>>> print(open('model-v3.pdb').read())   # PDB, C-alpha atoms and all ligand atoms
ATOM      1  CA  MET W   1     120.560   9.486 -15.974
ATOM      2  CA  SER W   2     118.355  12.328 -17.052
ATOM      3  CA  GLN W   3     118.080  15.554 -15.158
ATOM      4  CA  MET W   4     114.912  16.973 -16.507
ATOM      5  CA  TRP W   5     111.871  17.546 -14.464
ATOM      6  CA  GLN W   6     109.617  20.579 -14.595
ATOM      7  CA  PRO W   7     108.536  21.949 -11.221
ATOM      8  CA  MET W   8     104.733  22.377 -11.227
ATOM      9  CA  ASP W   9     104.581  24.506  -8.095
ATOM     10  CA  ASP W  10     106.961  26.481  -5.860
ATOM     11  CA  SER W  11     105.907  24.541  -2.813
ATOM     12  CA  VAL W  12     103.557  21.715  -1.955
ATOM     13  CA  THR W  13     102.034  20.905   1.454
ATOM     14  CA  VAL W  14     100.914  17.393   2.237
ATOM     15  CA  ARG W  15      99.150  16.196   5.390
ATOM     16  CA  ALA W  16      99.967  12.792   6.909
ATOM     17  CA  PRO W  17      98.074  11.070   9.731
ATOM     18  CA  ALA W  18      99.374   9.181  12.766
ATOM     19  CA  LYS W  19      98.757   5.445  12.852
ATOM     20  CA  ILE W  20      97.732   3.198  15.671
ATOM     21  CA  ASN W  21      97.730  -0.600  15.707
ATOM     22  CA  LEU W  22      94.311  -1.862  16.802
ATOM     23  CA  GLY W  23      95.978  -5.237  16.889
ATOM     24  CA  LEU W  24      99.643  -6.163  16.700
ATOM     25  CA  GLY W  25     100.619  -9.812  16.431
ATOM     26  CA  VAL W  26     104.353 -10.543  16.274
ATOM     27  CA  GLY W  27     106.110 -13.800  15.359
ATOM     28  CA  PRO W  28     109.698 -14.983  15.949
ATOM     29  CA  LEU W  29     112.564 -12.988  14.384
ATOM     30  CA  ARG W  30     113.213 -13.727  10.681
ATOM     31  CA  ALA W  31     116.614 -14.162   9.072
ATOM     32  CA  ASP W  32     116.349 -10.659   7.529
ATOM     33  CA  GLY W  33     116.206  -8.995  10.954
ATOM     34  CA  TYR W  34     112.464  -8.286  10.887
ATOM     35  CA  HIS W  35     109.602  -9.948  12.712
ATOM     36  CA  PRO W  36     106.590 -11.295  10.794
ATOM     37  CA  LEU W  37     103.477  -9.298  11.693
ATOM     38  CA  GLN W  38      99.737  -9.755  11.625
ATOM     39  CA  THR W  39      98.538  -6.259  12.380
ATOM     40  CA  VAL W  40      95.489  -4.065  11.908
ATOM     41  CA  TYR W  41      96.379  -0.439  11.355
ATOM     42  CA  GLN W  42      94.126   2.575  11.729
ATOM     43  CA  ALA W  43      94.957   6.131  10.658
ATOM     44  CA  ILE W  44      93.766   8.699  13.204
ATOM     45  CA  GLY W  45      93.135  12.439  13.066
ATOM     46  CA  LEU W  46      96.431  13.655  14.440
ATOM     47  CA  TYR W  47      98.637  15.056  11.692
ATOM     48  CA  ASP W  48     102.030  16.240  10.526
ATOM     49  CA  ASP W  49     102.009  18.758   7.655
ATOM     50  CA  VAL W  50     105.007  18.496   5.352
ATOM     51  CA  THR W  51     105.871  21.347   2.957
ATOM     52  CA  VAL W  52     108.441  20.695   0.244
ATOM     53  CA  SER W  53     110.133  23.211  -2.038
ATOM     54  CA  SER W  54     113.208  23.170  -4.269
ATOM     55  CA  CYS W  55     116.454  24.248  -2.613
ATOM     56  CA  GLN W  56     120.250  24.363  -3.184
ATOM     57  CA  GLU W  57     120.849  21.664  -0.574
ATOM     58  CA  TRP W  58     118.806  19.180   1.429
ATOM     59  CA  GLN W  59     117.290  20.976   4.404
ATOM     60  CA  VAL W  60     114.967  19.748   7.130
ATOM     61  CA  GLU W  61     113.140  22.105   9.468
ATOM     62  CA  VAL W  62     110.858  20.802  12.206
ATOM     63  CA  ARG W  63     108.473  22.733  14.406
ATOM     64  CA  SER W  64     105.744  21.648  16.789
ATOM     65  CA  THR W  65     102.097  22.567  16.293
ATOM     66  CA  SER W  66     101.206  21.596  19.880
ATOM     67  CA  GLU W  67     103.135  20.659  23.000
ATOM     68  CA  ILE W  68     105.370  18.168  21.205
ATOM     69  CA  ASP W  69     109.083  17.872  21.916
ATOM     70  CA  VAL W  70     110.738  17.809  18.483
ATOM     71  CA  SER W  71     114.327  18.051  19.751
ATOM     72  CA  SER W  72     115.174  14.414  18.883
ATOM     73  CA  VAL W  73     114.113  14.646  15.218
ATOM     74  CA  PRO W  74     117.253  14.463  13.015
ATOM     75  CA  LEU W  75     117.715  17.528  10.824
ATOM     76  CA  ASP W  76     120.398  15.987   8.625
ATOM     77  CA  GLN W  77     120.293  13.513   5.770
ATOM     78  CA  SER W  78     119.521  10.649   8.148
ATOM     79  CA  ASN W  79     115.967  11.998   8.416
ATOM     80  CA  LEU W  80     113.660   9.457   6.784
ATOM     81  CA  ALA W  81     111.993  12.245   4.773
ATOM     82  CA  VAL W  82     115.301  13.084   3.051
ATOM     83  CA  ARG W  83     115.836   9.384   2.341
ATOM     84  CA  ALA W  84     112.353   9.326   0.821
ATOM     85  CA  GLY W  85     113.235  12.213  -1.510
ATOM     86  CA  LYS W  86     116.496  10.584  -2.604
ATOM     87  CA  LEU W  87     114.856   7.218  -3.199
ATOM     88  CA  LEU W  88     112.113   8.820  -5.287
ATOM     89  CA  GLN W  89     114.692  10.511  -7.491
ATOM     90  CA  ALA W  90     116.748   7.323  -7.804
ATOM     91  CA  HIS W  91     113.589   5.457  -8.817
ATOM     92  CA  HIS W  92     113.159   7.877 -11.738
ATOM     93  CA  GLY W  93     116.872   7.849 -12.592
ATOM     94  CA  LEU W  94     117.152  11.576 -11.875
ATOM     95  CA  VAL W  95     120.337  13.373 -10.939
ATOM     96  CA  GLU W  96     119.975  14.358  -7.327
ATOM     97  CA  SER W  97     118.287  17.697  -6.905
ATOM     98  CA  PRO W  98     117.785  18.723  -3.286
ATOM     99  CA  ALA W  99     114.704  20.023  -1.548
ATOM    100  CA  ARG W 100     113.737  21.807   1.600
ATOM    101  CA  ILE W 101     111.384  19.790   3.807
ATOM    102  CA  GLU W 102     109.453  21.662   6.499
ATOM    103  CA  ILE W 103     107.654  19.448   8.983
ATOM    104  CA  ALA W 104     104.929  20.894  11.218
ATOM    105  CA  LYS W 105     104.543  18.185  13.865
ATOM    106  CA  GLY W 106     101.246  17.312  15.449
ATOM    107  CA  ILE W 107     102.261  13.664  15.969
ATOM    108  CA  PRO W 108     104.342  12.954  19.106
ATOM    109  CA  VAL W 109     107.930  11.871  18.288
ATOM    110  CA  ALA W 110     109.011   8.247  19.081
ATOM    111  CA  GLY W 111     105.531   7.619  20.439
ATOM    112  CA  GLY W 112     104.576   4.406  18.637
ATOM    113  CA  LEU W 113     102.436   6.498  16.265
ATOM    114  CA  ALA W 114     104.663   6.264  13.160
ATOM    115  CA  GLY W 115     105.219  10.023  12.890
ATOM    116  CA  GLY W 116     108.554   9.616  11.072
ATOM    117  CA  SER W 117     106.933   7.182   8.631
ATOM    118  CA  ALA W 118     104.099   9.660   8.070
ATOM    119  CA  ASP W 119     106.632  12.377   7.200
ATOM    120  CA  ALA W 120     108.425  10.080   4.749
ATOM    121  CA  ALA W 121     105.144   9.154   3.045
ATOM    122  CA  ALA W 122     104.113  12.826   2.869
ATOM    123  CA  THR W 123     107.499  13.745   1.391
ATOM    124  CA  LEU W 124     107.096  11.118  -1.345
ATOM    125  CA  VAL W 125     103.705  12.508  -2.337
ATOM    126  CA  GLY W 126     104.823  16.143  -2.011
ATOM    127  CA  LEU W 127     107.979  15.769  -4.085
ATOM    128  CA  ASP W 128     106.164  13.641  -6.656
ATOM    129  CA  ARG W 129     103.825  16.599  -7.166
ATOM    130  CA  LEU W 130     106.525  19.311  -6.898
ATOM    131  CA  TRP W 131     108.663  17.581  -9.506
ATOM    132  CA  ASN W 132     105.698  16.447 -11.614
ATOM    133  CA  LEU W 133     106.962  12.865 -11.631
ATOM    134  CA  ARG W 134     103.541  11.156 -11.808
ATOM    135  CA  THR W 135     104.791   8.075  -9.983
ATOM    136  CA  SER W 136     102.217   5.269 -10.062
ATOM    137  CA  ASP W 137     100.524   4.268  -6.811
ATOM    138  CA  ASP W 138     102.131   0.816  -6.992
ATOM    139  CA  ASP W 139     105.594   2.356  -7.370
ATOM    140  CA  LEU W 140     104.971   4.796  -4.496
ATOM    141  CA  LEU W 141     103.943   1.859  -2.292
ATOM    142  CA  SER W 142     107.047  -0.097  -3.210
ATOM    143  CA  ILE W 143     109.354   2.884  -2.564
ATOM    144  CA  ALA W 144     107.513   3.403   0.739
ATOM    145  CA  ALA W 145     108.138  -0.242   1.711
ATOM    146  CA  GLN W 146     111.885   0.279   1.230
ATOM    147  CA  LEU W 147     111.775   3.194   3.671
ATOM    148  CA  GLY W 148     110.097   1.424   6.585
ATOM    149  CA  SER W 149     107.487  -1.105   7.629
ATOM    150  CA  ASP W 150     104.813   1.531   8.397
ATOM    151  CA  VAL W 151     105.361   3.875   5.450
ATOM    152  CA  PRO W 152     103.054   2.104   2.932
ATOM    153  CA  PHE W 153     100.183   2.272   5.425
ATOM    154  CA  ALA W 154     100.707   6.023   5.871
ATOM    155  CA  LEU W 155     100.029   6.372   2.137
ATOM    156  CA  ILE W 156      96.739   4.497   2.147
ATOM    157  CA  GLY W 157      95.354   5.318   5.623
ATOM    158  CA  GLY W 158      91.883   4.241   6.705
ATOM    159  CA  THR W 159      91.864   0.832   8.400
ATOM    160  CA  ALA W 160      94.054  -1.887   6.921
ATOM    161  CA  HIS W 161      95.409  -5.371   7.554
ATOM    162  CA  GLY W 162      99.204  -5.402   7.553
ATOM    163  CA  THR W 163     101.302  -8.518   6.892
ATOM    164  CA  GLY W 164     104.894  -9.315   5.896
ATOM    165  CA  HIS W 165     106.889  -7.153   8.315
ATOM    166  CA  GLY W 166     104.060  -4.612   8.204
ATOM    167  CA  GLU W 167     104.729  -3.300   4.701
ATOM    168  CA  ILE W 168     102.055  -5.336   2.865
ATOM    169  CA  VAL W 169      98.779  -3.479   3.421
ATOM    170  CA  GLU W 170      95.247  -4.290   2.415
ATOM    171  CA  PRO W 171      92.297  -2.002   3.286
ATOM    172  CA  VAL W 172      89.608  -3.766   5.353
ATOM    173  CA  PRO W 173      85.875  -3.044   5.701
ATOM    174  CA  ASP W 174      85.343  -0.780   8.702
ATOM    175  CA  ALA W 175      81.722   0.206   9.340
ATOM    176  CA  GLY W 176      82.473   2.333  12.393
ATOM    177  CA  SER W 177      83.995   5.630  13.366
ATOM    178  CA  TYR W 178      85.758   5.818  16.678
ATOM    179  CA  TRP W 179      87.257   8.318  19.098
ATOM    180  CA  TRP W 180      90.606   7.735  20.721
ATOM    181  CA  LEU W 181      92.293   9.510  23.581
ATOM    182  CA  LEU W 182      96.066   9.390  23.366
ATOM    183  CA  VAL W 183      98.159   9.515  26.508
ATOM    184  CA  PRO W 184     101.706  10.349  25.408
ATOM    185  CA  HIS W 185     104.792   9.785  27.518
ATOM    186  CA  PRO W 186     107.562  12.371  27.821
ATOM    187  CA  GLU W 187     110.249   9.727  27.227
ATOM    188  CA  GLY W 188     110.191   7.999  23.806
ATOM    189  CA  LEU W 189     110.786   4.259  23.359
ATOM    190  CA  SER W 190     113.048   2.738  20.722
ATOM    191  CA  THR W 191     111.178   0.322  18.418
ATOM    192  CA  PRO W 192     114.229  -1.975  17.871
ATOM    193  CA  ALA W 193     114.762  -2.131  21.662
ATOM    194  CA  VAL W 194     111.169  -3.300  22.220
ATOM    195  CA  TYR W 195     111.479  -5.926  19.458
ATOM    196  CA  ALA W 196     114.785  -7.099  20.989
ATOM    197  CA  GLU W 197     113.025  -7.490  24.343
ATOM    198  CA  TYR W 198     110.242  -9.448  22.599
ATOM    199  CA  ASP W 199     112.970 -11.842  21.356
ATOM    200  CA  ALA W 200     113.540 -12.964  24.955
ATOM    201  CA  SER W 201     110.181 -14.794  24.838
ATOM    202  CA  PRO W 202     108.900 -15.064  21.268
ATOM    203  CA  ALA W 203     105.621 -16.834  20.471
ATOM    204  CA  PRO W 204     104.183 -18.334  17.267
ATOM    205  CA  LEU W 205     102.250 -15.872  15.121
ATOM    206  CA  SER W 206      98.493 -16.449  15.277
ATOM    207  CA  VAL W 207      95.852 -15.137  12.867
ATOM    208  CA  GLU W 208      92.945 -15.769  15.233
ATOM    209  CA  PRO W 209      92.995 -12.320  16.906
ATOM    210  CA  VAL W 210      92.931 -10.757  13.414
ATOM    211  CA  SER W 211      89.676 -12.571  12.561
ATOM    212  CA  ARG W 212      88.098 -11.323  15.792
ATOM    213  CA  MET W 213      89.277  -7.772  15.054
ATOM    214  CA  LEU W 214      88.023  -7.823  11.454
ATOM    215  CA  ALA W 215      84.587  -9.040  12.644
ATOM    216  CA  ALA W 216      84.417  -6.164  15.158
ATOM    217  CA  LEU W 217      85.366  -3.640  12.474
ATOM    218  CA  ALA W 218      82.861  -5.037   9.973
ATOM    219  CA  ALA W 219      80.169  -4.644  12.652
ATOM    220  CA  GLY W 220      81.419  -1.118  13.432
ATOM    221  CA  ASP W 221      80.786  -1.775  17.100
ATOM    222  CA  PRO W 222      83.172   0.049  19.487
ATOM    223  CA  VAL W 223      82.390  -2.308  22.398
ATOM    224  CA  GLN W 224      83.266  -5.324  20.239
ATOM    225  CA  LEU W 225      86.342  -3.445  19.015
ATOM    226  CA  ALA W 226      87.437  -2.758  22.600
ATOM    227  CA  ALA W 227      87.269  -6.486  23.348
ATOM    228  CA  ALA W 228      89.325  -7.313  20.242
ATOM    229  CA  LEU W 229      92.266  -4.925  20.876
ATOM    230  CA  TRP W 230      95.602  -6.704  21.349
ATOM    231  CA  ASN W 231      99.311  -5.948  21.240
ATOM    232  CA  ASP W 232     102.074  -8.577  21.477
ATOM    233  CA  LEU W 233     104.647  -5.817  22.093
ATOM    234  CA  ALA W 234     102.886  -4.573  25.234
ATOM    235  CA  GLU W 235     104.541  -7.025  27.670
ATOM    236  CA  PRO W 236     108.082  -6.467  26.286
ATOM    237  CA  ALA W 237     107.515  -2.689  26.442
ATOM    238  CA  PHE W 238     106.256  -2.957  30.045
ATOM    239  CA  ARG W 239     109.336  -5.002  30.975
ATOM    240  CA  LEU W 240     111.537  -2.181  29.630
ATOM    241  CA  ARG W 241     109.372   0.562  31.132
ATOM    242  CA  PRO W 242     107.287  -0.666  34.079
ATOM    243  CA  ASP W 243     105.729   2.797  34.528
ATOM    244  CA  LEU W 244     103.763   2.259  31.291
ATOM    245  CA  ARG W 245     101.698  -0.388  33.045
ATOM    246  CA  ASP W 246     100.631   2.351  35.490
ATOM    247  CA  VAL W 247      99.425   4.502  32.589
ATOM    248  CA  VAL W 248      97.359   1.604  31.196
ATOM    249  CA  GLU W 249      95.937   0.967  34.678
ATOM    250  CA  ALA W 250      95.076   4.672  35.068
ATOM    251  CA  VAL W 251      93.112   4.479  31.805
ATOM    252  CA  ARG W 252      91.432   1.250  32.948
ATOM    253  CA  ARG W 253      90.122   3.116  36.009
ATOM    254  CA  THR W 254      88.273   5.604  33.763
ATOM    255  CA  SER W 255      85.103   4.807  31.814
ATOM    256  CA  ALA W 256      87.125   4.099  28.623
ATOM    257  CA  LEU W 257      85.704   1.231  26.544
ATOM    258  CA  GLY W 258      89.185  -0.249  26.202
ATOM    259  CA  GLN W 259      92.891   0.573  26.482
ATOM    260  CA  LEU W 260      96.051  -0.467  24.705
ATOM    261  CA  LEU W 261      99.694   0.398  24.219
ATOM    262  CA  SER W 262     100.150   1.953  20.765
ATOM    263  CA  GLY W 263     102.585  -0.065  18.612
ATOM    264  CA  SER W 264     105.933  -0.347  20.400
ATOM    265  CA  GLY W 265     104.866   2.468  22.771
ATOM    266  CA  PRO W 266     105.128   4.509  24.829
ATOM    267  CA  THR W 267     101.814   6.218  23.876
ATOM    268  CA  VAL W 268      98.782   4.602  25.518
ATOM    269  CA  LEU W 269      95.386   4.614  23.780
ATOM    270  CA  ALA W 270      91.939   4.838  25.319
ATOM    271  CA  LEU W 271      88.888   3.999  23.220
ATOM    272  CA  ALA W 272      86.021   6.427  23.854
ATOM    273  CA  GLU W 273      82.321   6.403  22.924
ATOM    274  CA  SER W 274      82.347   9.895  21.385
ATOM    275  CA  ALA W 275      84.364  13.097  21.115
ATOM    276  CA  ASP W 276      82.768  14.377  24.343
ATOM    277  CA  HIS W 277      83.568  11.106  26.098
ATOM    278  CA  ALA W 278      87.179  11.306  24.906
ATOM    279  CA  ARG W 279      87.461  14.814  26.373
ATOM    280  CA  GLU W 280      85.885  13.598  29.622
ATOM    281  CA  LEU W 281      88.472  10.790  29.805
ATOM    282  CA  GLY W 282      91.125  13.457  29.248
ATOM    283  CA  ARG W 283      89.835  15.445  32.243
ATOM    284  CA  HIS W 284      89.921  12.356  34.468
ATOM    285  CA  LEU W 285      93.431  11.495  33.367
ATOM    286  CA  ALA W 286      94.583  15.078  33.963
ATOM    287  CA  GLU W 287      93.304  14.746  37.553
ATOM    288  CA  ALA W 288      95.400  11.568  37.834
ATOM    289  CA  GLY W 289      98.452  13.547  36.639
ATOM    290  CA  TYR W 290      98.462  12.542  32.964
ATOM    291  CA  GLU W 291      98.464  15.583  30.684
ATOM    292  CA  PRO W 292      98.470  16.714  28.002
ATOM    293  CA  THR W 293      96.336  14.137  26.214
ATOM    294  CA  TRP W 294      94.993  14.317  22.669
ATOM    295  CA  ALA W 295      91.596  13.244  21.333
ATOM    296  CA  ALA W 296      91.537  11.974  17.744
ATOM    297  CA  PRO W 297      88.953  10.316  15.487
ATOM    298  CA  GLY W 298      89.641   7.294  13.324
ATOM    299  CA  PRO W 299      89.713   6.077  10.698
ATOM    300  CA  VAL W 300      90.861   9.026   8.554
ATOM    301  CA  SER W 301      92.367   9.028   5.068
ATOM    302  CA  GLY W 302      96.053   8.565   4.354
ATOM    303  CA  VAL W 303      98.534  11.131   3.048
ATOM    304  CA  HIS W 304      96.846  13.873   1.031
ATOM    305  CA  LEU W 305      97.661  17.159  -0.648
ATOM    306  CA  VAL W 306      96.412  20.218   1.284
ATOM    307  CA  ASP W 307      98.092  23.173  -0.424
ATOM    308  CA  TYR W 308     100.261  24.136  -3.375
ATOM    309  CA  ALA W 309     101.481  27.484  -4.593
TER     310      ALA W 309
HETATM  311  O1  LIG W 401     110.726  -0.957   9.295
HETATM  312  P1  LIG W 401     111.317   0.033  10.242
HETATM  313  O2  LIG W 401     112.583   0.636   9.733
HETATM  314  O3  LIG W 401     110.346   1.065  10.674
HETATM  315  O4  LIG W 401     111.695  -0.781  11.531
HETATM  316  C1  LIG W 401     112.557  -0.273  12.517
HETATM  317  C2  LIG W 401     113.159  -1.428  13.279
HETATM  318  O5  LIG W 401     112.120  -2.101  14.020
HETATM  319  C3  LIG W 401     113.768  -2.517  12.418
HETATM  320  O6  LIG W 401     115.110  -2.223  12.095
HETATM  321  C4  LIG W 401     113.671  -3.726  13.308
HETATM  322  O7  LIG W 401     114.675  -3.682  14.309
HETATM  323  C5  LIG W 401     112.355  -3.508  14.024
HETATM  324  N1  LIG W 401     111.237  -4.170  13.333
HETATM  325  C6  LIG W 401     111.146  -5.550  13.432
HETATM  326  N2  LIG W 401     110.101  -6.199  12.837
HETATM  327  C7  LIG W 401     109.150  -5.513  12.164
HETATM  328  C8  LIG W 401     109.232  -4.111  12.049
HETATM  329  C9  LIG W 401     110.294  -3.465  12.666
HETATM  330  O8  LIG W 401     111.998  -6.205  14.063
HETATM  331  N3  LIG W 401     108.131  -6.174  11.610
END
>>> encode(input="model-v3.pdb", output="structure tokens", more="lines below")
Ligand code: C5P
Amino acid sequence: MSQMWQPMDDSVTVRAPAKINLGLGVGPLRADGYHPLQTVYQAIGLYDDVTVSSCQEWQVEVRSTSEIDVSSVPLDQSNLAVRAGKLLQAHHGLVESPARIEIAKGIPVAGGLAGGSADAAATLVGLDRLWNLRTSDDDLLSIAAQLGSDVPFALIGGTAHGTGHGEIVEPVPDAGSYWWLLVPHPEGLSTPAVYAEYDASPAPLSVEPVSRMLAALAAGDPVQLAAALWNDLAEPAFRLRPDLRDVVEAVRRTSALGQLLSGSGPTVLALAESADHARELGRHLAEAGYEPTWAAPGPVSGVHLVDYA
């Protein structure tokens, strides 16, 4: 093992977007404990900012940039961002040298928006820069895949087709730009619990909905996109949390182009025609008792450097 790395900067801040699944197809449980996926990811303009700096011990600090409850985010070494830092060092054969990771959260926690994955991806990029490691993109993607199914997508952003258990990502042509209204839920949902509920009635994995989705994206047509949205985890999530069906129905009663549960939930997505339309949907949902809501554009780019000092 070598110990030598030269810090380039005292601190580095990296911005990471939330992800939504425009489509999420799930197949029967594999022997490795994961489910095969056919998914279409989109990165949206709701962000966590992660600032890394060298420190005597691993430290995680989390604060909210809006009305987000961050109390359930682990502050110890079980935080995925710390695991990302350790894995990056192990990849380079470095003796462990800790860092402080400050996370400014704009992505709701346990919301089906891959906020924890975004933080891990941002930490990889931030520490790579802080420690001047110059890790190749391919290596970053493979380290990301070891951290979680959604982490590679957080690195690339945009709109992408995800296969394997979600970790194999390929950008897809997307001619449109869209506005989403996010309806969060105060009570998070556990991803493994929703997959376990799916296992009660698994179905063969089909690629047909992906083709329909890719055609809608290539056309850049939001109405076509609305018709192509799908999520195989929606029914299992509704069985665990019947009140989520009410949220989807509340969105259906607005003039939204389409609605969908985000990933394994509980956040519900409404597809709007424009930023103004998204805000109008937000006002209607507030009258129905659903607030706060957040409007976000998509697609946006993946993890990127915003500041270094
Ligand atoms: O990959 P990640 O660690 O984010 O996944 C969290 C959990 O979600 C897994 O341990 C597994 O229980 C479930 N999962 C799954 N199939 C996938 C992705 C996640 O069963 N394709």
>>> resolve_selection(input="model-v3.pdb", expression="the PyMOL selection byres (((chain W and resi 146-158) around 7) and not hetatm)", output="list in words")
Ala16, Pro17, Gln42, Ala43, Ala84, Ala114, Ser117, Ala118, Ala120, Ala121, Leu141, Ser142, Ile143, Ala144, Ala145, Thr159, Ala160, His165, Gly166, Glu167, Val169, Pro299, Val300, Ser301, Gly302 and Val303 of chain W
>>> resolve_selection(input="model-v3.pdb", expression="the PyMOL selection byres (((chain W and resi 241-247) around 12) and not hetatm)", output="ChimeraX atom specification")
/W:182-190,193-194,197,234-240,248-254,259-262,264-270,285-286,288-291,293
>>> axis_aligned_box(input="model-v3.pdb", around="ligand LIG 401 (chain W)", padding_each_side="6 Å", output="JSON")
{"center_x": 111.6, "center_y": -2.6, "center_z": 11.8, "size_x": 19.0, "size_y": 19.3, "size_z": 17.0}
>>> residues_around(input="model-v3.pdb", residues="Asp276 of chain W", least_positions_apart="5", cutoff="12 Å", atoms="only C-alpha atoms", output="PDB file with C-alpha atoms, keeping the file's coordinate frame")
ATOM      1  CA  TYR W 178      85.758   5.818  16.678  1.00  0.00           C
ATOM      2  CA  TRP W 179      87.257   8.318  19.098  1.00  0.00           C
ATOM      3  CA  TRP W 180      90.606   7.735  20.721  1.00  0.00           C
ATOM      4  CA  LEU W 181      92.293   9.510  23.581  1.00  0.00           C
ATOM      5  CA  ALA W 256      87.125   4.099  28.623  1.00  0.00           C
ATOM      6  CA  LEU W 281      88.472  10.790  29.805  1.00  0.00           C
ATOM      7  CA  GLY W 282      91.125  13.457  29.248  1.00  0.00           C
ATOM      8  CA  ARG W 283      89.835  15.445  32.243  1.00  0.00           C
ATOM      9  CA  ALA W 295      91.596  13.244  21.333  1.00  0.00           C
ATOM     10  CA  ALA W 296      91.537  11.974  17.744  1.00  0.00           C
ATOM     11  CA  PRO W 297      88.953  10.316  15.487  1.00  0.00           C
TER      12      PRO W 297
END
>>> closest_residue(input="model-v3.pdb", among="W:Thr51, W:Asn132, W:Thr39, W:Thr123", to="ligand LIG 401 (chain W)", atoms="only C-alpha atoms and all ligand atoms")
W:Thr39
>>> atom_distance(input="model-v3.pdb", atom1="atom CA of Arg63 of chain W", atom2="atom CA of Ala104 of chain W")
5.1 Å
